[in-house]
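Chemist: I'd like to ask some things about the structure below.
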Amino acid sequence: MDRRDFLAMSGLAGFAAAFPLRAQDGTRGELPNLAASARPITAEERQARIARAGALMRANNLDAVLIEAGSSLVYFTGIQWWRSERLTGAIMTREGEIAVVTPFFEEPSVRETLAVPAQVLTWNEDKDPLSAIGTWLTARGLAKGRIGIEETVRYFAVDRLGRALPDAAIVNGDAVVRGCRMIKSPAELALMQTANDITLAAYRHAYPRIEKGMTPADVGRLINSATVAMGGTPEFALVLLGEASAYPHGSGKPQEVREGEVILLDSGCAVHGYQSDISRSFVFGEPSARQRTVWNEMRKGQQIAFEAAQIGTPAGKVDDAVRAYYETLGYGPGYKLPGTSHRTGHGIGLDGHEPVNLVHGEQTELTAGMCFSDEPGIYIPGAFGIRLEDCFYMTAGGPRWFSRPPGSIDEPIG
């Protein structure tokens with residue numbers, strides 16, 4: 001979905017027209033379009049991804065991999081489609097051949113975003129799309145092959161593919177899809193940088209405009225409208241006020257901005273599909289000594305995670321480093337509260353959450369090109385929570401921030 005489609009569906013086009021946004025410095029110019037120079041992924045890069053997938057199939061003794069509509073289909077083919085009971089997906093072979101399967105009546109629409117050479121297999125409503133894939137693979141001598149399944153493919157597709165190819169081995173395809181998607185290219189990193197720049201700028205725009213009595217929806221509109229004005233597609237805007245900040249994904253209880261209470265913002269946007277995810281926590285008015293202390297402790301925990309993220313380090317050790325520090329402060333132990341009840345961070349890219357995670361026990365070693373959130377929030381049930389979240393990417397020399405964390409609770413955006 002492009003920006004115009006989002007505006008039309010969300011109603012923000014009318015909002016923006018009625019209330020043009022102003023720049024942070026108070027001038028009369030509109031907020032700048034930070035995505036204006038962003039370049040989408042090229043067909044050549046997608047071809048390189050397909051070649052990489054083929055190499056990984058050969059290395060892992062796989063003959064083909066099945067993917068469904070969603071971010072992996074976008075990643076390899078460019079096709080932007082949704083999941084429904086009518087299967088649209090693709091099968092890739094180790095030789096680099098691709099067949100896209102989609103309902104007959106959807107073919108013209110699917111072809112609009114198809115960005116690589118591929119055969120399109122259509123099926124009518126009274127036919128089984130997995131049978132068409134089975135026939136296509138059989139014609140290539142793969143009726144008894146090893147077929148990998150991308151991890152989010154739904155069970156009905158796996159089950160029917162097994163029936164269509166009863167002599168094939170249906171196996172896990174993570175080594176191929178994760179092996180490609182976890183390592184971001186310079187072009188992907190550039191798009192993610194732009195998305196992060198937009199989200200942080202949206203926070204800078206919204207922060208001085210937050211007023212007493214506002215609801216989470218009011219604050220969310222400030223963030224989302226600024227995001228749209230600067231060329232991003234809003235993905236989410238989670239706003240937690242007061243006690244709700246003590247619960248990582250909030251509360252359904254009525255909330256409003258109150259003097260002396262925590263405001264927790266967690267928002268992200270997409271630029272050509274690639275996402276940001278940034279959180280900021282601050283107090284409306286003057287922070288108490290306790291709020292200030294917890295903010296500083298959490299900020300140090302975030303920095304400890306960043307410094308622990310080094311090439312070759314198992315991802316789980318990053319999480320362990322933070323918890324070891326928090327336990328010296330009396331939090332936890334482990335995932336117990338008060339403390340950090342969730343993982344330190346998650347992978348990010350075309351999906352806001354994607355493998356692998358910075359979580360205890362994860363043995364995947366950090367490699368250049370991997371991208372993560374860093375958000376070891378501290379939550380005190382019944383009181384408040386503090387979560388600062390910034391994403392980083394791995395380089396050969398160590399981690400680098402997409403967005404720099406703030407320096408203090410008094411200057412909380414950064």
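Residues in the structure tokens are named by chain (A, B, ... in the order shown) and by number from 1 within that chain; ligands are numbered from 1 in the order shown.
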Would you kindly return, as a count of residues only, each protein, DNA or RNA residue with an atom no farther than 9 Å from any atom of Tyr274 (chain A), considering only C-alpha atoms and excluding same-chain residues fewer than 2 positions away?
Modeler: 15
Chemist: If we count only C-alpha atoms and set the cut-off at 9 Å, which residues sit around Glu95 (chain A), ignoring sequence neighbours fewer than 3 positions away in its own chain? Please answer as a list in words.
Modeler: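 In the requested format, the answer is Ala51, Gly54, Ala55, Asp63, Ala64 and Met92 of chain A.
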Chemist: So that I can see what lies close to region 322-326 of chain A, please list as an NGL selection string the residues with an atom at most 12 Å from it, counting only C-alpha atoms and leaving out residues fewer than 5 positions away in the same chain.
Modeler: :A and (294 or 296-309 or 316-317 or 331-345 or 358-360 or 374-379)
Chemist: Which residues are close to Asp218 (chain A), i.e. within 12 Å by only C-alpha atoms, leaving aside same-chain residues fewer than 2 positions away? Reply as a CSV table (one decimal) with C-alpha atoms, in the first residue's frame.
Modeler:
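As written to disk, part07.csv reads:
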```csv
chain,number,residue,atom,x,y,z
A,206,ALA,CA,4.4,15.8,19.0
A,209,ARG,CA,2.2,19.7,21.7
A,210,ILE,CA,1.1,17.2,24.3
A,211,GLU,CA,-1.4,18.8,26.7
A,212,LYS,CA,-3.1,17.9,30.0
A,213,GLY,CA,-6.2,15.9,29.5
A,214,MET,CA,-5.3,14.4,26.2
A,215,THR,CA,-6.1,10.8,25.6
A,216,PRO,CA,-3.8,8.1,24.0
A,220,GLY,CA,-1.4,9.0,18.7
A,221,ARG,CA,-2.9,11.4,16.1
A,222,LEU,CA,-0.2,13.9,16.7
A,223,ILE,CA,2.5,11.3,15.9
A,224,ASN,CA,0.7,9.6,13.0
A,225,SER,CA,-0.2,12.9,11.2
A,237,ALA,CA,1.3,4.4,17.7
A,238,LEU,CA,1.0,3.0,21.2
A,239,VAL,CA,0.6,5.6,23.9
A,240,LEU,CA,0.5,4.5,27.5
A,241,LEU,CA,-0.4,7.0,30.2
A,255,GLN,CA,-6.3,7.2,30.4
A,256,GLU,CA,-5.5,10.9,30.1
A,257,VAL,CA,-2.4,13.0,30.4
```
Chemist: Show me, as a PyMOL selection string, the residues that have an atom within 10 Å of region 394-405 of chain A when counting only C-alpha atoms, minus same-chain residues fewer than 6 positions from it.
Modeler: chain A and resi 183-184+189-190+192-197+199-200+276-280+299+302-303+306-312+366-374+388+412-414
Chemist: Write the selection just made, keeping C-alpha atoms, as a PDB file, in the first residue's frame?
Modeler:
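Below is the file out_21.pdb, written as the result:
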```
ATOM      1  CA  ILE A 183      21.251  -9.942   6.883  1.00  0.00           C
ATOM      2  CA  LYS A 184      20.249  -6.512   5.588  1.00  0.00           C
ATOM      3  CA  LEU A 189      19.597  -0.249   5.965  1.00  0.00           C
ATOM      4  CA  ALA A 190      19.116   3.077   4.176  1.00  0.00           C
ATOM      5  CA  MET A 192      15.270   1.646   7.745  1.00  0.00           C
ATOM      6  CA  GLN A 193      17.370   4.707   8.586  1.00  0.00           C
ATOM      7  CA  THR A 194      14.841   6.942   6.833  1.00  0.00           C
ATOM      8  CA  ALA A 195      11.951   5.292   8.683  1.00  0.00           C
ATOM      9  CA  ASN A 196      13.730   5.852  12.004  1.00  0.00           C
ATOM     10  CA  ASP A 197      14.486   9.468  11.113  1.00  0.00           C
ATOM     11  CA  THR A 199       9.588   8.449  13.653  1.00  0.00           C
ATOM     12  CA  LEU A 200      12.049  10.419  15.764  1.00  0.00           C
ATOM     13  CA  SER A 276      11.199   1.673  12.473  1.00  0.00           C
ATOM     14  CA  ASP A 277      10.357   1.073  16.136  1.00  0.00           C
ATOM     15  CA  ILE A 278      11.188   3.717  18.755  1.00  0.00           C
ATOM     16  CA  SER A 279       9.953   4.208  22.323  1.00  0.00           C
ATOM     17  CA  ARG A 280      10.297   7.214  24.574  1.00  0.00           C
ATOM     18  CA  ARG A 299      18.809   3.955  30.066  1.00  0.00           C
ATOM     19  CA  GLN A 302      19.799  -0.146  27.193  1.00  0.00           C
ATOM     20  CA  GLN A 303      23.431   0.933  26.862  1.00  0.00           C
ATOM     21  CA  PHE A 306      24.154  -2.124  23.012  1.00  0.00           C
ATOM     22  CA  GLU A 307      27.716  -2.660  24.212  1.00  0.00           C
ATOM     23  CA  ALA A 308      27.167  -6.412  24.653  1.00  0.00           C
ATOM     24  CA  ALA A 309      26.049  -6.752  21.012  1.00  0.00           C
ATOM     25  CA  GLN A 310      29.318  -7.684  19.329  1.00  0.00           C
ATOM     26  CA  ILE A 311      30.072  -9.784  16.260  1.00  0.00           C
ATOM     27  CA  GLY A 312      30.075 -13.488  17.134  1.00  0.00           C
ATOM     28  CA  LEU A 366      25.426 -11.769  15.803  1.00  0.00           C
ATOM     29  CA  THR A 367      26.588 -11.024  12.257  1.00  0.00           C
ATOM     30  CA  ALA A 368      27.084  -7.829  10.271  1.00  0.00           C
ATOM     31  CA  GLY A 369      23.782  -6.744   8.721  1.00  0.00           C
ATOM     32  CA  MET A 370      21.520  -7.986  11.516  1.00  0.00           C
ATOM     33  CA  CYS A 371      19.103  -5.398  12.945  1.00  0.00           C
ATOM     34  CA  PHE A 372      17.515  -5.311  16.408  1.00  0.00           C
ATOM     35  CA  SER A 373      15.476  -3.221  18.778  1.00  0.00           C
ATOM     36  CA  ASP A 374      17.051  -2.468  22.170  1.00  0.00           C
ATOM     37  CA  LEU A 388      13.348   3.520  25.921  1.00  0.00           C
ATOM     38  CA  PRO A 412      13.661  12.683  26.619  1.00  0.00           C
ATOM     39  CA  ILE A 413      13.340  12.568  22.840  1.00  0.00           C
ATOM     40  CA  GLY A 414      16.929  12.845  21.644  1.00  0.00           C
TER      41      GLY A 414
END
```
Chemist: A:Val283, A:Ile380, A:Val228, A:Ile409: which is nearest Pro32 (chain A), counting only C-alpha atoms?
Modeler: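 Of the candidates, the smallest distance to Pro32 (chain A) is held by A:Val228.
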Chemist: I want to know what sits within 7 Å of Met230 (chain A), based on only C-alpha atoms, with residues of the same chain fewer than 5 positions away left out; could you give that as a ChimeraX atom specification?
Modeler: /A:31-35,198
Chemist: Check the smallest atom-to-atom distance from each of A:Val158, A:Ile67, A:Ala315, A:Val262 to Arg290 (chain A) using only C-alpha atoms, then report the winner.
Modeler: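 Under the stated criterion, the closest residue is A:Val262.
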Chemist: Check region 306-408 of chain A with DSSP on the backbone and list each residue it calls strand (DSSP E or B), as a PyMOL selection string.
Modeler: chain A and resi 314+339+345-347+354-358+365+371-374+378-380+384-386+389-395+398-401+408
Chemist: Run DSSP on the backbone of this structure and report the residues of region 63-302 of chain A it assigns to alpha helix (DSSP H), as number ranges by chain.
Modeler: A: 71-77, 107-111, 129-138, 155-164, 174-181, 186-206, 216-229, 289-302
Chemist: Which one is closest to Glu286 (chain A): A:Thr102, A:Ser185, A:Asp410, A:Gly231? Count only C-alpha atoms.
Modeler: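 Using only C-alpha atoms, the shortest distance to Glu286 (chain A) belongs to A:Asp410.
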Chemist: For Asp174 (chain A), work out the shell of residues within 8 Å, counting only C-alpha atoms and skipping chain neighbours fewer than 2 positions away, then give it as a PDB file with N, CA and C atoms, in the first residue's frame.
Modeler:
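Saved as around07.pdb:
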```pdb
ATOM      1  N   GLY A 148      11.411 -27.077   1.415  1.00  0.00           N
ATOM      2  CA  GLY A 148      11.413 -26.276   2.638  1.00  0.00           C
ATOM      3  C   GLY A 148      10.177 -25.400   2.727  1.00  0.00           C
ATOM      4  N   ILE A 149       9.731 -25.174   3.942  1.00  0.00           N
ATOM      5  CA  ILE A 149       8.553 -24.346   4.198  1.00  0.00           C
ATOM      6  C   ILE A 149       8.970 -23.117   5.000  1.00  0.00           C
ATOM      7  N   GLU A 150       8.673 -21.934   4.492  1.00  0.00           N
ATOM      8  CA  GLU A 150       8.911 -20.702   5.250  1.00  0.00           C
ATOM      9  C   GLU A 150       8.071 -20.743   6.522  1.00  0.00           C
ATOM     10  N   GLU A 151       8.614 -20.258   7.632  1.00  0.00           N
ATOM     11  CA  GLU A 151       8.037 -20.556   8.942  1.00  0.00           C
ATOM     12  C   GLU A 151       6.647 -19.996   9.191  1.00  0.00           C
ATOM     13  N   ASN A 172      11.614 -27.945   7.286  1.00  0.00           N
ATOM     14  CA  ASN A 172      11.748 -26.551   7.702  1.00  0.00           C
ATOM     15  C   ASN A 172      12.647 -25.783   6.734  1.00  0.00           C
ATOM     16  N   VAL A 176      17.009 -21.064   4.863  1.00  0.00           N
ATOM     17  CA  VAL A 176      17.055 -20.303   3.612  1.00  0.00           C
ATOM     18  C   VAL A 176      16.469 -18.909   3.802  1.00  0.00           C
ATOM     19  N   VAL A 177      15.235 -18.846   4.270  1.00  0.00           N
ATOM     20  CA  VAL A 177      14.565 -17.545   4.359  1.00  0.00           C
ATOM     21  C   VAL A 177      15.198 -16.671   5.435  1.00  0.00           C
ATOM     22  N   ARG A 178      15.416 -17.229   6.618  1.00  0.00           N
ATOM     23  CA  ARG A 178      16.099 -16.448   7.644  1.00  0.00           C
ATOM     24  C   ARG A 178      17.512 -16.099   7.198  1.00  0.00           C
ATOM     25  N   GLY A 179      18.173 -17.048   6.551  1.00  0.00           N
ATOM     26  CA  GLY A 179      19.539 -16.816   6.114  1.00  0.00           C
ATOM     27  C   GLY A 179      19.659 -15.644   5.167  1.00  0.00           C
TER      28      GLY A 179
END
```
Chemist: In Å, with one decimal, what is the gap from CA of Thr88 (chain A) to CA of Pro103 (chain A)?
Modeler: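 Distance between the two atoms: 7.1 Å.
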Chemist: Between CA of Val110 (chain A) and CA of Ile79 (chain A), what distance in Å does the model show, to one decimal?
Modeler: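 Pair CA of Val110 (chain A) / CA of Ile79 (chain A) returns 6.5 Å.
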Chemist: Choose the residue, out of A:Arg58, A:Ala99, A:Asp128, A:Gly385, that has the smallest atom-to-atom separation from His249 (chain A); count only C-alpha atoms.
Modeler: A:Gly385
Chemist: Could you check the closest approach to Glu235 (chain A) for each of A:Gly273, A:Ala90, A:Ser251, A:Glu45 and tell me which residue wins, using only C-alpha atoms?
Modeler: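 Distance minimum relative to Glu235 (chain A) lands on A:Gly273.
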